[in-house]
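Student: I have a structure I would like to understand better, so I am pasting it below and will then ask my questions one at a time.
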Amino acid sequence: MDENSLSKFAEMIAGARSAVFFGGAGVSTESGVKDYRSEDGLYNTVRQYGVPPETILSDEFFYSHTDIFYDFYRRYFLGDRPKPNAAHIALAELERAGILSAIVTQNIDGLHQAAGSKNVLELHGTIFRYRCIDCGEAASIEYVEGCEGVPKCARCGGIIKPDVVLYGEPLDERTLTAAVKAISEADLMIVGGTSLAVYPAAGLLRYFRGGKTVLINRGETPYDSRADLVFRDKIGEVLGAAVKAALGKC
Ligand SMILES: [Zn+2]
């Protein structure tokens, strides 16, 4: 890791009043969560269903092949709970220090909250909320994990759907509005673990008007040339070291 860039990053953090973190799947890979688009990510490795995972994760597929959807979903999204890594922990610490005002994430794994972050705007929903598609009754992740096959509503017997934004579905309006507000008011934008390939989520960065942008991602992104600093290192190491230095901890 470049020490000069790291100390610049720490200075930016220490000088920020309202930083926002915008993150994607790469934030969670260091916790053992598979991402979507990398070489060993879901989209390149899951072939046993005869249809690509992108198709399985669409609303049309959910309603037409609910049993296959849930087979896939249980295998890759439920089960063992991964643990927050150094990136999640550093961001939670930055929020407690009053520097980070929001986390805008494309992830659905709840790891930011598990690390203690409070203002987490989940653009693509979460595996921790479920609802009956017929009567709207809420269900817990434990309830869904306790069922076999397609989980059915305890009240009316309807199909339970995860509160996860599938392909073909719009993003939640309130989450989107809150994300736009946080980004437009931010004075430091930290972008991590995302190739910025998914719209409209990636388009949110256009609302950032002030200050500095720092990008932490293994691969190139269309945003690299506009960033003040770019790190290609592990996100947990970069954020961990920069936050420690910024908050004056050894
Ligand atoms: Zn119901």
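To be explicit about the labels: the chains of the structure tokens are called A, B, and onward in the order shown, and within each one the residues are counted from 1, while ligands get numbers from 1 in the order they are shown.
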For ligand 1, return the neighbouring residues as an MDAnalysis selection string (distance at most 7 Å; only C-alpha atoms and all ligand atoms).

Tutor: chainID A and resid 132:137 153:158

Student: Just want the 8 Å neighbourhood of Gly125 of chain A, counted on only C-alpha atoms, with same-chain residues fewer than 6 positions away dropped. Output as a JSON list (two decimals) with C-alpha atoms, in the first residue's frame.

Tutor:
[["chain", "number", "residue", "atom", "x", "y", "z"],
["A", 107, "ASN", "CA", -24.97, -5.27, -0.54],
["A", 108, "ILE", "CA", -27.83, -7.19, 1.02],
["A", 163, "ASP", "CA", -37.01, -7.68, 0.62],
["A", 164, "VAL", "CA", -34.25, -7.80, -1.98],
["A", 165, "VAL", "CA", -34.40, -5.78, -5.19]]

Student: Counting only C-alpha atoms, what is within 9 Å of segment 61-67 of chain A, bar same-chain residues fewer than 5 positions away, as a ChimeraX atom specification?

Tutor: /A:55-56,72,149-150,159,161,166

Student: For Ile127 of chain A, which residue among A:Ala139, A:Leu78, A:Ala19, A:Val33 is the nearest when counting only C-alpha atoms?

Tutor: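 Selected residue with least distance to Ile127 of chain A: A:Leu78.
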
Student: Name the closest residue to Tyr73 of chain A among the candidates A:Asp40, A:Asp228, A:Glu145, A:Glu173; distances are taken between atoms, counting only C-alpha atoms.

Tutor: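 Distance minimum relative to Tyr73 of chain A lands on A:Glu145.
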
Student: Per residue of segment 106-223 of chain A within 10 Å of segment 232-244 of chain A, note the shortest atom pair and the distance in Å to one decimal, counting only C-alpha atoms, and order the rows by chain and increasing residue number, as a Markdown table.

Tutor:
| residue | atom | partner | partner_atom | distance |
| --- | --- | --- | --- | --- |
| A:Ile190 | CA | A:Leu239 | CA | 9.6 |
| A:Gly192 | CA | A:Ile235 | CA | 6.9 |
| A:Gly193 | CA | A:Ile235 | CA | 7.1 |
| A:Leu215 | CA | A:Arg232 | CA | 8.5 |
| A:Ile216 | CA | A:Arg232 | CA | 5.9 |
| A:Asn217 | CA | A:Arg232 | CA | 5.3 |
| A:Arg218 | CA | A:Arg232 | CA | 4.7 |
| A:Gly219 | CA | A:Arg232 | CA | 6.9 |
| A:Glu220 | CA | A:Arg232 | CA | 8.5 |

Student: Just list the residues in segment 7-176 of chain A DSSP gives alpha helix (DSSP H) on the backbone, as a compact mmCIF listing (two decimals) with all heavy atoms, in the first residue's frame.

Tutor:
# COMPACT_ATOMS: atom_id res chain seq x y z
N SER A 7 -1.50 8.43 3.92
CA SER A 7 -1.52 9.57 4.85
C SER A 7 -2.38 10.70 4.29
O SER A 7 -3.04 11.42 5.03
CB SER A 7 -0.11 10.02 5.21
OG SER A 7 0.52 10.58 4.11
N LYS A 8 -2.41 10.85 2.96
CA LYS A 8 -3.32 11.84 2.37
C LYS A 8 -4.78 11.49 2.67
O LYS A 8 -5.60 12.34 3.00
CB LYS A 8 -3.14 11.88 0.85
CG LYS A 8 -2.02 12.77 0.37
CD LYS A 8 -2.08 12.89 -1.14
CE LYS A 8 -0.76 13.45 -1.68
NZ LYS A 8 -0.51 13.07 -3.06
N PHE A 9 -5.09 10.20 2.53
CA PHE A 9 -6.45 9.72 2.80
C PHE A 9 -6.81 9.99 4.27
O PHE A 9 -7.90 10.49 4.57
CB PHE A 9 -6.52 8.22 2.48
CG PHE A 9 -7.89 7.61 2.56
CD1 PHE A 9 -9.05 8.39 2.54
CD2 PHE A 9 -8.04 6.23 2.63
CE1 PHE A 9 -10.31 7.81 2.60
CE2 PHE A 9 -9.30 5.64 2.69
CZ PHE A 9 -10.43 6.43 2.69
N ALA A 10 -5.88 9.68 5.18
CA ALA A 10 -6.14 9.92 6.60
C ALA A 10 -6.40 11.40 6.88
O ALA A 10 -7.29 11.75 7.66
CB ALA A 10 -4.95 9.42 7.43
N GLU A 11 -5.65 12.25 6.20
CA GLU A 11 -5.87 13.71 6.36
C GLU A 11 -7.26 14.11 5.88
O GLU A 11 -7.95 14.92 6.50
CB GLU A 11 -4.84 14.48 5.54
CG GLU A 11 -3.59 14.86 6.28
CD GLU A 11 -2.57 15.51 5.33
OE1 GLU A 11 -2.98 16.36 4.52
OE2 GLU A 11 -1.39 15.12 5.40
N MET A 12 -7.66 13.56 4.73
CA MET A 12 -8.99 13.87 4.20
C MET A 12 -10.08 13.44 5.18
O MET A 12 -11.06 14.16 5.40
CB MET A 12 -9.23 13.13 2.87
CG MET A 12 -8.43 13.68 1.71
SD MET A 12 -8.79 12.67 0.24
CE MET A 12 -7.47 13.21 -0.84
N ILE A 13 -9.90 12.26 5.77
CA ILE A 13 -10.90 11.76 6.74
C ILE A 13 -10.94 12.68 7.95
O ILE A 13 -12.00 13.10 8.41
CB ILE A 13 -10.57 10.31 7.17
CG1 ILE A 13 -10.76 9.35 5.98
CG2 ILE A 13 -11.46 9.88 8.33
CD1 ILE A 13 -10.27 7.93 6.25
N ALA A 14 -9.76 13.01 8.47
CA ALA A 14 -9.70 13.85 9.67
C ALA A 14 -10.31 15.22 9.42
O ALA A 14 -10.88 15.84 10.32
CB ALA A 14 -8.24 13.98 10.12
N GLY A 15 -10.23 15.70 8.18
CA GLY A 15 -10.76 17.02 7.86
C GLY A 15 -12.22 17.02 7.41
O GLY A 15 -12.80 18.08 7.18
N LEU A 42 -20.42 -15.21 -8.25
CA LEU A 42 -21.60 -16.03 -8.55
C LEU A 42 -21.89 -16.15 -10.05
O LEU A 42 -22.22 -17.23 -10.54
CB LEU A 42 -22.84 -15.41 -7.88
CG LEU A 42 -22.98 -15.56 -6.36
CD1 LEU A 42 -24.26 -14.87 -5.88
CD2 LEU A 42 -22.99 -17.03 -5.96
N TYR A 43 -21.77 -15.03 -10.76
CA TYR A 43 -22.18 -15.04 -12.16
C TYR A 43 -21.28 -15.90 -13.04
O TYR A 43 -21.68 -16.33 -14.12
CB TYR A 43 -22.26 -13.61 -12.72
CG TYR A 43 -23.34 -12.77 -12.08
CD1 TYR A 43 -23.40 -11.40 -12.28
CD2 TYR A 43 -24.32 -13.36 -11.29
CE1 TYR A 43 -24.40 -10.63 -11.69
CE2 TYR A 43 -25.32 -12.60 -10.69
CZ TYR A 43 -25.35 -11.23 -10.90
OH TYR A 43 -26.33 -10.48 -10.32
N ASN A 44 -20.05 -16.12 -12.59
CA ASN A 44 -19.13 -16.92 -13.39
C ASN A 44 -18.96 -18.35 -12.89
O ASN A 44 -18.28 -19.16 -13.52
CB ASN A 44 -17.75 -16.24 -13.44
CG ASN A 44 -17.81 -14.97 -14.26
OD1 ASN A 44 -18.37 -14.96 -15.36
ND2 ASN A 44 -17.27 -13.89 -13.73
N THR A 45 -19.53 -18.68 -11.74
CA THR A 45 -19.27 -20.01 -11.18
C THR A 45 -20.53 -20.86 -11.00
O THR A 45 -20.44 -22.07 -10.91
CB THR A 45 -18.58 -19.90 -9.80
OG1 THR A 45 -19.38 -19.08 -8.95
CG2 THR A 45 -17.19 -19.29 -9.93
N PRO A 53 -27.34 -17.04 -13.06
CA PRO A 53 -27.83 -16.46 -11.80
C PRO A 53 -28.55 -15.12 -12.00
O PRO A 53 -29.49 -14.81 -11.26
CB PRO A 53 -26.56 -16.27 -10.97
CG PRO A 53 -25.62 -17.28 -11.51
CD PRO A 53 -25.93 -17.42 -12.96
N GLU A 54 -28.12 -14.34 -12.99
CA GLU A 54 -28.80 -13.07 -13.25
C GLU A 54 -30.28 -13.30 -13.58
O GLU A 54 -31.13 -12.49 -13.23
CB GLU A 54 -28.18 -12.32 -14.44
CG GLU A 54 -26.76 -11.86 -14.22
CD GLU A 54 -25.76 -12.82 -14.80
OE1 GLU A 54 -25.88 -14.05 -14.56
OE2 GLU A 54 -24.83 -12.37 -15.50
N THR A 55 -30.55 -14.40 -14.28
CA THR A 55 -31.93 -14.72 -14.61
C THR A 55 -32.70 -15.16 -13.37
O THR A 55 -33.84 -14.75 -13.14
CB THR A 55 -31.97 -15.84 -15.68
OG1 THR A 55 -31.22 -15.42 -16.81
CG2 THR A 55 -33.39 -16.16 -16.10
N ILE A 56 -32.03 -16.00 -12.56
CA ILE A 56 -32.69 -16.48 -11.33
C ILE A 56 -33.04 -15.30 -10.43
O ILE A 56 -34.09 -15.28 -9.78
CB ILE A 56 -31.76 -17.47 -10.58
CG1 ILE A 56 -31.49 -18.69 -11.46
CG2 ILE A 56 -32.38 -17.89 -9.25
CD1 ILE A 56 -30.49 -19.68 -10.88
N ASP A 59 -37.28 -10.64 -11.11
CA ASP A 59 -38.62 -10.77 -10.54
C ASP A 59 -39.48 -11.74 -11.35
O ASP A 59 -40.24 -12.52 -10.80
CB ASP A 59 -39.30 -9.39 -10.40
CG ASP A 59 -39.56 -8.71 -11.73
OD1 ASP A 59 -38.87 -9.01 -12.72
OD2 ASP A 59 -40.48 -7.86 -11.78
N GLU A 60 -39.26 -11.75 -12.65
CA GLU A 60 -40.04 -12.66 -13.49
C GLU A 60 -39.77 -14.12 -13.10
O GLU A 60 -40.69 -14.93 -12.98
CB GLU A 60 -39.65 -12.43 -14.96
CG GLU A 60 -40.64 -13.01 -15.93
CD GLU A 60 -40.10 -13.04 -17.35
OE1 GLU A 60 -39.26 -12.18 -17.69
OE2 GLU A 60 -40.52 -13.92 -18.10
N PHE A 61 -38.49 -14.44 -12.86
CA PHE A 61 -38.12 -15.80 -12.48
C PHE A 61 -38.64 -16.13 -11.08
O PHE A 61 -39.10 -17.25 -10.83
CB PHE A 61 -36.60 -15.97 -12.53
CG PHE A 61 -36.14 -17.40 -12.50
CD1 PHE A 61 -36.00 -18.12 -13.68
CD2 PHE A 61 -35.86 -18.04 -11.30
CE1 PHE A 61 -35.58 -19.44 -13.67
CE2 PHE A 61 -35.46 -19.37 -11.27
CZ PHE A 61 -35.31 -20.07 -12.46
N PHE A 62 -38.58 -15.16 -10.20
CA PHE A 62 -39.09 -15.40 -8.84
C PHE A 62 -40.54 -15.87 -8.89
O PHE A 62 -40.92 -16.84 -8.22
CB PHE A 62 -38.99 -14.13 -7.97
CG PHE A 62 -39.59 -14.32 -6.60
CD1 PHE A 62 -38.85 -14.88 -5.57
CD2 PHE A 62 -40.92 -13.99 -6.36
CE1 PHE A 62 -39.41 -15.09 -4.31
CE2 PHE A 62 -41.49 -14.20 -5.10
CZ PHE A 62 -40.74 -14.76 -4.08
N TYR A 63 -41.37 -15.18 -9.67
CA TYR A 63 -42.80 -15.52 -9.69
C TYR A 63 -43.08 -16.77 -10.53
O TYR A 63 -44.05 -17.48 -10.27
CB TYR A 63 -43.61 -14.33 -10.21
CG TYR A 63 -43.63 -13.19 -9.21
CD1 TYR A 63 -42.87 -12.04 -9.41
CD2 TYR A 63 -44.37 -13.28 -8.03
CE1 TYR A 63 -42.85 -11.01 -8.48
CE2 TYR A 63 -44.36 -12.26 -7.09
CZ TYR A 63 -43.59 -11.12 -7.33
OH TYR A 63 -43.58 -10.11 -6.40
N SER A 64 -42.23 -17.07 -11.52
CA SER A 64 -42.53 -18.22 -12.38
C SER A 64 -41.85 -19.51 -11.91
O SER A 64 -42.32 -20.61 -12.19
CB SER A 64 -42.13 -17.92 -13.83
OG SER A 64 -40.76 -17.63 -13.91
N THR A 66 -40.51 -20.13 -8.43
CA THR A 66 -40.21 -19.76 -7.04
C THR A 66 -39.38 -20.83 -6.33
O THR A 66 -38.50 -20.51 -5.53
CB THR A 66 -41.52 -19.49 -6.27
OG1 THR A 66 -42.38 -18.71 -7.09
CG2 THR A 66 -41.26 -18.75 -4.97
N ASP A 67 -39.65 -22.10 -6.64
CA ASP A 67 -38.91 -23.18 -5.97
C ASP A 67 -37.42 -23.16 -6.35
O ASP A 67 -36.55 -23.30 -5.48
CB ASP A 67 -39.54 -24.55 -6.29
CG ASP A 67 -39.74 -24.77 -7.79
OD1 ASP A 67 -39.78 -23.77 -8.55
OD2 ASP A 67 -39.84 -25.94 -8.20
N ILE A 68 -37.11 -22.93 -7.62
CA ILE A 68 -35.70 -22.88 -8.04
C ILE A 68 -35.04 -21.62 -7.47
O ILE A 68 -33.90 -21.63 -7.02
CB ILE A 68 -35.57 -22.90 -9.58
CG1 ILE A 68 -36.24 -24.16 -10.14
CG2 ILE A 68 -34.10 -22.84 -10.01
CD1 ILE A 68 -36.30 -24.21 -11.65
N PHE A 69 -35.79 -20.51 -7.49
CA PHE A 69 -35.26 -19.28 -6.90
C PHE A 69 -34.82 -19.55 -5.46
O PHE A 69 -33.71 -19.20 -5.06
CB PHE A 69 -36.33 -18.16 -6.91
CG PHE A 69 -35.89 -16.93 -6.15
CD1 PHE A 69 -35.23 -15.90 -6.81
CD2 PHE A 69 -36.10 -16.82 -4.78
CE1 PHE A 69 -34.79 -14.78 -6.11
CE2 PHE A 69 -35.66 -15.69 -4.07
CZ PHE A 69 -35.02 -14.67 -4.75
N TYR A 70 -35.69 -20.18 -4.68
CA TYR A 70 -35.37 -20.39 -3.27
C TYR A 70 -34.25 -21.41 -3.07
O TYR A 70 -33.48 -21.32 -2.12
CB TYR A 70 -36.61 -20.76 -2.46
CG TYR A 70 -37.20 -19.53 -1.80
CD1 TYR A 70 -38.39 -18.97 -2.24
CD2 TYR A 70 -36.53 -18.89 -0.76
CE1 TYR A 70 -38.91 -17.82 -1.67
CE2 TYR A 70 -37.04 -17.75 -0.17
CZ TYR A 70 -38.21 -17.22 -0.62
OH TYR A 70 -38.70 -16.07 -0.04
N ASP A 71 -34.13 -22.38 -3.96
CA ASP A 71 -33.01 -23.31 -3.87
C ASP A 71 -31.69 -22.55 -4.01
O ASP A 71 -30.76 -22.69 -3.20
CB ASP A 71 -33.13 -24.37 -4.98
CG ASP A 71 -32.09 -25.46 -4.80
OD1 ASP A 71 -32.37 -26.42 -4.05
OD2 ASP A 71 -30.98 -25.33 -5.38
N PHE A 72 -31.63 -21.69 -5.01
CA PHE A 72 -30.46 -20.84 -5.25
C PHE A 72 -30.24 -19.88 -4.07
O PHE A 72 -29.13 -19.75 -3.54
CB PHE A 72 -30.69 -20.06 -6.55
CG PHE A 72 -29.65 -19.00 -6.83
CD1 PHE A 72 -28.46 -19.32 -7.47
CD2 PHE A 72 -29.87 -17.69 -6.45
CE1 PHE A 72 -27.51 -18.34 -7.73
CE2 PHE A 72 -28.92 -16.70 -6.70
CZ PHE A 72 -27.74 -17.03 -7.33
N TYR A 73 -31.30 -19.21 -3.69
CA TYR A 73 -31.22 -18.18 -2.65
C TYR A 73 -30.73 -18.78 -1.32
O TYR A 73 -29.88 -18.21 -0.65
CB TYR A 73 -32.60 -17.54 -2.50
CG TYR A 73 -32.68 -16.43 -1.49
CD1 TYR A 73 -32.32 -15.12 -1.84
CD2 TYR A 73 -33.12 -16.67 -0.19
CE1 TYR A 73 -32.40 -14.09 -0.92
CE2 TYR A 73 -33.20 -15.64 0.73
CZ TYR A 73 -32.85 -14.36 0.37
OH TYR A 73 -32.92 -13.35 1.29
N ARG A 74 -31.28 -19.92 -0.94
CA ARG A 74 -30.87 -20.56 0.32
C ARG A 74 -29.40 -20.95 0.27
O ARG A 74 -28.66 -20.80 1.23
CB ARG A 74 -31.71 -21.81 0.57
CG ARG A 74 -33.13 -21.53 0.96
CD ARG A 74 -33.88 -22.83 1.24
NE ARG A 74 -35.29 -22.58 1.49
CZ ARG A 74 -35.77 -22.07 2.61
NH1 ARG A 74 -34.94 -21.78 3.59
NH2 ARG A 74 -37.07 -21.85 2.74
N ARG A 75 -28.97 -21.48 -0.89
CA ARG A 75 -27.61 -21.94 -1.02
C ARG A 75 -26.58 -20.80 -0.96
O ARG A 75 -25.54 -20.93 -0.35
CB ARG A 75 -27.47 -22.66 -2.37
CG ARG A 75 -26.30 -23.60 -2.47
CD ARG A 75 -26.32 -24.31 -3.81
NE ARG A 75 -27.55 -25.06 -4.03
CZ ARG A 75 -27.62 -26.39 -4.01
NH1 ARG A 75 -26.54 -27.07 -3.76
NH2 ARG A 75 -28.75 -27.01 -4.22
N TYR A 76 -26.91 -19.68 -1.59
CA TYR A 76 -25.89 -18.62 -1.72
C TYR A 76 -26.11 -17.40 -0.82
O TYR A 76 -25.20 -16.59 -0.66
CB TYR A 76 -25.77 -18.19 -3.19
CG TYR A 76 -25.28 -19.33 -4.05
CD1 TYR A 76 -26.15 -20.04 -4.86
CD2 TYR A 76 -23.94 -19.73 -3.97
CE1 TYR A 76 -25.70 -21.13 -5.61
CE2 TYR A 76 -23.48 -20.80 -4.71
CZ TYR A 76 -24.37 -21.50 -5.52
OH TYR A 76 -23.92 -22.58 -6.24
N PHE A 77 -27.28 -17.23 -0.26
CA PHE A 77 -27.52 -16.04 0.57
C PHE A 77 -27.86 -16.35 2.03
O PHE A 77 -27.71 -15.50 2.88
CB PHE A 77 -28.63 -15.19 -0.04
CG PHE A 77 -28.25 -14.60 -1.38
CD1 PHE A 77 -28.83 -15.07 -2.55
CD2 PHE A 77 -27.31 -13.58 -1.47
CE1 PHE A 77 -28.47 -14.54 -3.78
CE2 PHE A 77 -26.95 -13.05 -2.70
CZ PHE A 77 -27.53 -13.53 -3.86
N ALA A 86 -12.52 -5.93 8.52
CA ALA A 86 -11.89 -4.68 8.94
C ALA A 86 -12.51 -3.45 8.28
O ALA A 86 -12.56 -2.37 8.88
CB ALA A 86 -10.39 -4.74 8.63
N ALA A 87 -13.02 -3.60 7.05
CA ALA A 87 -13.65 -2.47 6.36
C ALA A 87 -14.95 -2.07 7.07
O ALA A 87 -15.19 -0.89 7.35
CB ALA A 87 -13.92 -2.82 4.91
N HIS A 88 -15.81 -3.05 7.35
CA HIS A 88 -17.07 -2.77 8.05
C HIS A 88 -16.80 -2.12 9.42
O HIS A 88 -17.46 -1.17 9.82
CB HIS A 88 -17.87 -4.05 8.28
CG HIS A 88 -18.24 -4.79 7.02
ND1 HIS A 88 -17.60 -5.95 6.62
CD2 HIS A 88 -19.18 -4.54 6.07
CE1 HIS A 88 -18.13 -6.38 5.50
NE2 HIS A 88 -19.09 -5.54 5.13
N ILE A 89 -15.80 -2.68 10.11
CA ILE A 89 -15.50 -2.21 11.47
C ILE A 89 -14.97 -0.77 11.45
O ILE A 89 -15.38 0.07 12.24
CB ILE A 89 -14.51 -3.19 12.15
CG1 ILE A 89 -15.22 -4.53 12.40
CG2 ILE A 89 -13.95 -2.61 13.45
CD1 ILE A 89 -14.30 -5.69 12.71
N ALA A 90 -14.08 -0.47 10.48
CA ALA A 90 -13.53 0.88 10.37
C ALA A 90 -14.63 1.89 10.06
O ALA A 90 -14.65 3.01 10.61
CB ALA A 90 -12.45 0.92 9.29
N LEU A 91 -15.57 1.53 9.20
CA LEU A 91 -16.66 2.45 8.83
C LEU A 91 -17.59 2.70 10.01
O LEU A 91 -18.06 3.82 10.23
CB LEU A 91 -17.43 1.90 7.63
CG LEU A 91 -16.64 1.92 6.31
CD1 LEU A 91 -17.32 1.05 5.26
CD2 LEU A 91 -16.46 3.35 5.80
N ALA A 92 -17.84 1.67 10.80
CA ALA A 92 -18.68 1.83 11.99
C ALA A 92 -18.00 2.79 12.98
O ALA A 92 -18.64 3.65 13.59
CB ALA A 92 -18.96 0.48 12.64
N GLU A 93 -16.70 2.64 13.08
CA GLU A 93 -15.92 3.51 13.98
C GLU A 93 -15.97 4.96 13.50
O GLU A 93 -16.09 5.89 14.31
CB GLU A 93 -14.48 3.01 13.99
CG GLU A 93 -13.70 3.44 15.21
CD GLU A 93 -12.33 2.76 15.28
OE1 GLU A 93 -12.14 1.74 14.59
OE2 GLU A 93 -11.48 3.28 15.99
N LEU A 94 -15.92 5.13 12.21
CA LEU A 94 -15.96 6.48 11.62
C LEU A 94 -17.32 7.14 11.84
O LEU A 94 -17.41 8.35 12.02
CB LEU A 94 -15.67 6.36 10.12
CG LEU A 94 -14.91 7.49 9.45
CD1 LEU A 94 -13.64 7.84 10.21
CD2 LEU A 94 -14.57 7.10 8.02
N GLU A 95 -18.36 6.36 11.84
CA GLU A 95 -19.70 6.91 12.13
C GLU A 95 -19.78 7.31 13.60
O GLU A 95 -20.27 8.39 13.94
CB GLU A 95 -20.79 5.87 11.81
CG GLU A 95 -22.20 6.43 11.98
CD GLU A 95 -23.28 5.37 11.76
OE1 GLU A 95 -23.22 4.29 12.40
OE2 GLU A 95 -24.20 5.62 10.96
N ARG A 96 -19.28 6.46 14.49
CA ARG A 96 -19.30 6.78 15.92
C ARG A 96 -18.48 8.03 16.21
O ARG A 96 -18.80 8.80 17.12
CB ARG A 96 -18.73 5.61 16.75
CG ARG A 96 -19.74 4.50 16.99
CD ARG A 96 -19.26 3.55 18.08
NE ARG A 96 -18.04 2.87 17.71
CZ ARG A 96 -17.99 1.73 17.01
NH1 ARG A 96 -19.10 1.16 16.62
NH2 ARG A 96 -16.83 1.17 16.72
N LEU A 111 -23.93 -6.75 6.80
CA LEU A 111 -22.67 -6.77 7.55
C LEU A 111 -22.30 -5.41 8.15
O LEU A 111 -21.60 -5.35 9.15
CB LEU A 111 -21.54 -7.32 6.69
CG LEU A 111 -21.58 -8.85 6.50
CD1 LEU A 111 -20.49 -9.31 5.54
CD2 LEU A 111 -21.43 -9.56 7.84
N HIS A 112 -22.74 -4.32 7.53
CA HIS A 112 -22.46 -3.01 8.12
C HIS A 112 -23.19 -2.87 9.46
O HIS A 112 -22.61 -2.40 10.43
CB HIS A 112 -22.90 -1.89 7.16
CG HIS A 112 -22.00 -1.73 5.97
ND1 HIS A 112 -20.68 -1.35 6.08
CD2 HIS A 112 -22.22 -1.93 4.66
CE1 HIS A 112 -20.13 -1.30 4.88
NE2 HIS A 112 -21.05 -1.65 3.99
N GLN A 113 -24.45 -3.27 9.50
CA GLN A 113 -25.19 -3.21 10.76
C GLN A 113 -24.58 -4.15 11.79
O GLN A 113 -24.51 -3.83 12.97
CB GLN A 113 -26.67 -3.58 10.55
CG GLN A 113 -27.45 -2.55 9.74
CD GLN A 113 -27.43 -2.85 8.25
OE1 GLN A 113 -26.49 -3.43 7.71
NE2 GLN A 113 -28.49 -2.43 7.56
N ALA A 114 -24.13 -5.32 11.33
CA ALA A 114 -23.51 -6.29 12.25
C ALA A 114 -22.24 -5.69 12.89
O ALA A 114 -21.89 -6.01 14.01
CB ALA A 114 -23.17 -7.58 11.52
N ILE A 141 -35.91 -13.69 9.10
CA ILE A 141 -34.97 -14.56 8.40
C ILE A 141 -34.95 -15.95 9.07
O ILE A 141 -34.83 -16.97 8.39
CB ILE A 141 -33.55 -13.93 8.34
CG1 ILE A 141 -32.63 -14.73 7.43
CG2 ILE A 141 -32.94 -13.76 9.72
CD1 ILE A 141 -31.31 -14.04 7.10
N GLU A 142 -35.13 -15.97 10.38
CA GLU A 142 -35.14 -17.26 11.09
C GLU A 142 -36.34 -18.10 10.65
O GLU A 142 -36.23 -19.31 10.51
CB GLU A 142 -35.21 -17.03 12.61
CG GLU A 142 -33.93 -16.45 13.22
CD GLU A 142 -33.80 -14.94 13.03
OE1 GLU A 142 -34.82 -14.29 12.66
OE2 GLU A 142 -32.69 -14.40 13.23
N TYR A 143 -37.48 -17.43 10.46
CA TYR A 143 -38.67 -18.13 9.99
C TYR A 143 -38.41 -18.75 8.62
O TYR A 143 -38.71 -19.92 8.39
CB TYR A 143 -39.86 -17.15 9.94
CG TYR A 143 -41.14 -17.78 9.43
CD1 TYR A 143 -41.98 -18.49 10.29
CD2 TYR A 143 -41.51 -17.66 8.09
CE1 TYR A 143 -43.15 -19.07 9.82
CE2 TYR A 143 -42.68 -18.24 7.62
CZ TYR A 143 -43.50 -18.94 8.49
OH TYR A 143 -44.65 -19.52 8.01
N VAL A 144 -37.85 -17.95 7.73
CA VAL A 144 -37.58 -18.43 6.37
C VAL A 144 -36.56 -19.57 6.39
O VAL A 144 -36.72 -20.58 5.70
CB VAL A 144 -37.10 -17.26 5.47
CG1 VAL A 144 -36.59 -17.76 4.13
CG2 VAL A 144 -38.23 -16.26 5.28
N GLU A 145 -35.54 -19.43 7.21
CA GLU A 145 -34.51 -20.49 7.29
C GLU A 145 -35.07 -21.77 7.92
O GLU A 145 -34.57 -22.86 7.66
CB GLU A 145 -33.30 -19.99 8.08
CG GLU A 145 -32.46 -19.01 7.26
CD GLU A 145 -31.25 -18.47 8.00
OE1 GLU A 145 -31.30 -18.36 9.25
OE2 GLU A 145 -30.25 -18.14 7.33
N GLY A 146 -36.12 -21.60 8.71
CA GLY A 146 -36.72 -22.76 9.36
C GLY A 146 -37.66 -23.54 8.44
O GLY A 146 -38.08 -24.65 8.77
N GLU A 173 -37.94 3.87 -3.32
CA GLU A 173 -37.93 5.32 -3.52
C GLU A 173 -37.35 6.07 -2.31
O GLU A 173 -36.55 6.99 -2.46
CB GLU A 173 -39.37 5.77 -3.79
CG GLU A 173 -39.51 7.08 -4.55
CD GLU A 173 -38.86 7.04 -5.93
OE1 GLU A 173 -39.08 6.07 -6.69
OE2 GLU A 173 -38.09 7.96 -6.21
N ARG A 174 -37.75 5.65 -1.13
CA ARG A 174 -37.30 6.36 0.08
C ARG A 174 -35.80 6.17 0.32
O ARG A 174 -35.09 7.09 0.72
CB ARG A 174 -38.08 5.87 1.31
CG ARG A 174 -39.47 6.48 1.40
CD ARG A 174 -39.92 6.56 2.82
NE ARG A 174 -39.68 5.28 3.50
CZ ARG A 174 -40.41 4.81 4.50
NH1 ARG A 174 -41.42 5.51 4.95
NH2 ARG A 174 -40.14 3.67 5.07
N THR A 175 -35.31 4.97 0.08
CA THR A 175 -33.88 4.69 0.24
C THR A 175 -33.07 5.53 -0.76
O THR A 175 -32.04 6.11 -0.42
CB THR A 175 -33.59 3.19 0.01
OG1 THR A 175 -34.48 2.43 0.81
CG2 THR A 175 -32.16 2.84 0.37
N LEU A 176 -33.59 5.57 -1.98
CA LEU A 176 -32.92 6.31 -3.04
C LEU A 176 -32.86 7.81 -2.71
O LEU A 176 -31.81 8.45 -2.86
CB LEU A 176 -33.69 6.09 -4.34
CG LEU A 176 -32.96 6.22 -5.66
CD1 LEU A 176 -31.70 5.39 -5.67
CD2 LEU A 176 -33.88 5.81 -6.82

Student: Which of segment 24-204 of chain A counts as strand (DSSP E or B) under DSSP, as a PyMOL selection string please?

Tutor: chain A and resi 58+100-105+120-122+125-132+138-139+152+159-164+167+188-192

Student: Skip Ala202 of chain A itself and residues of its chain fewer than 4 positions away, then list as a list in words all residues within 12 Å of it, counting only C-alpha atoms.

Tutor: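 These residues fall inside the cut-off: Phe22, Gly23, Gly24, Val104, Thr105, Gln106, Leu123, Leu176, Ala179, Val180, Ile183, Val191, Gly192, Thr194, Ser195, Leu196, Ala197, Val198, Arg206, Tyr207, Phe208, Thr221, Pro222 and Tyr223 of chain A.
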
Student: Any idea what's packed within 7 Å of Leu188 of chain A, counting only C-alpha atoms, ignoring anything in its chain fewer than 2 positions away? Could you give it as number ranges by chain?

Tutor: A: 16, 18-20, 186, 190, 211-213

Student: May I ask which of the residues A:Tyr36, A:Thr29, A:Ala138, A:Leu121 is the closest one to Pro84 of chain A, counting only C-alpha atoms?

Tutor: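 Among the listed residues, the smallest separation from Pro84 of chain A belongs to A:Thr29.
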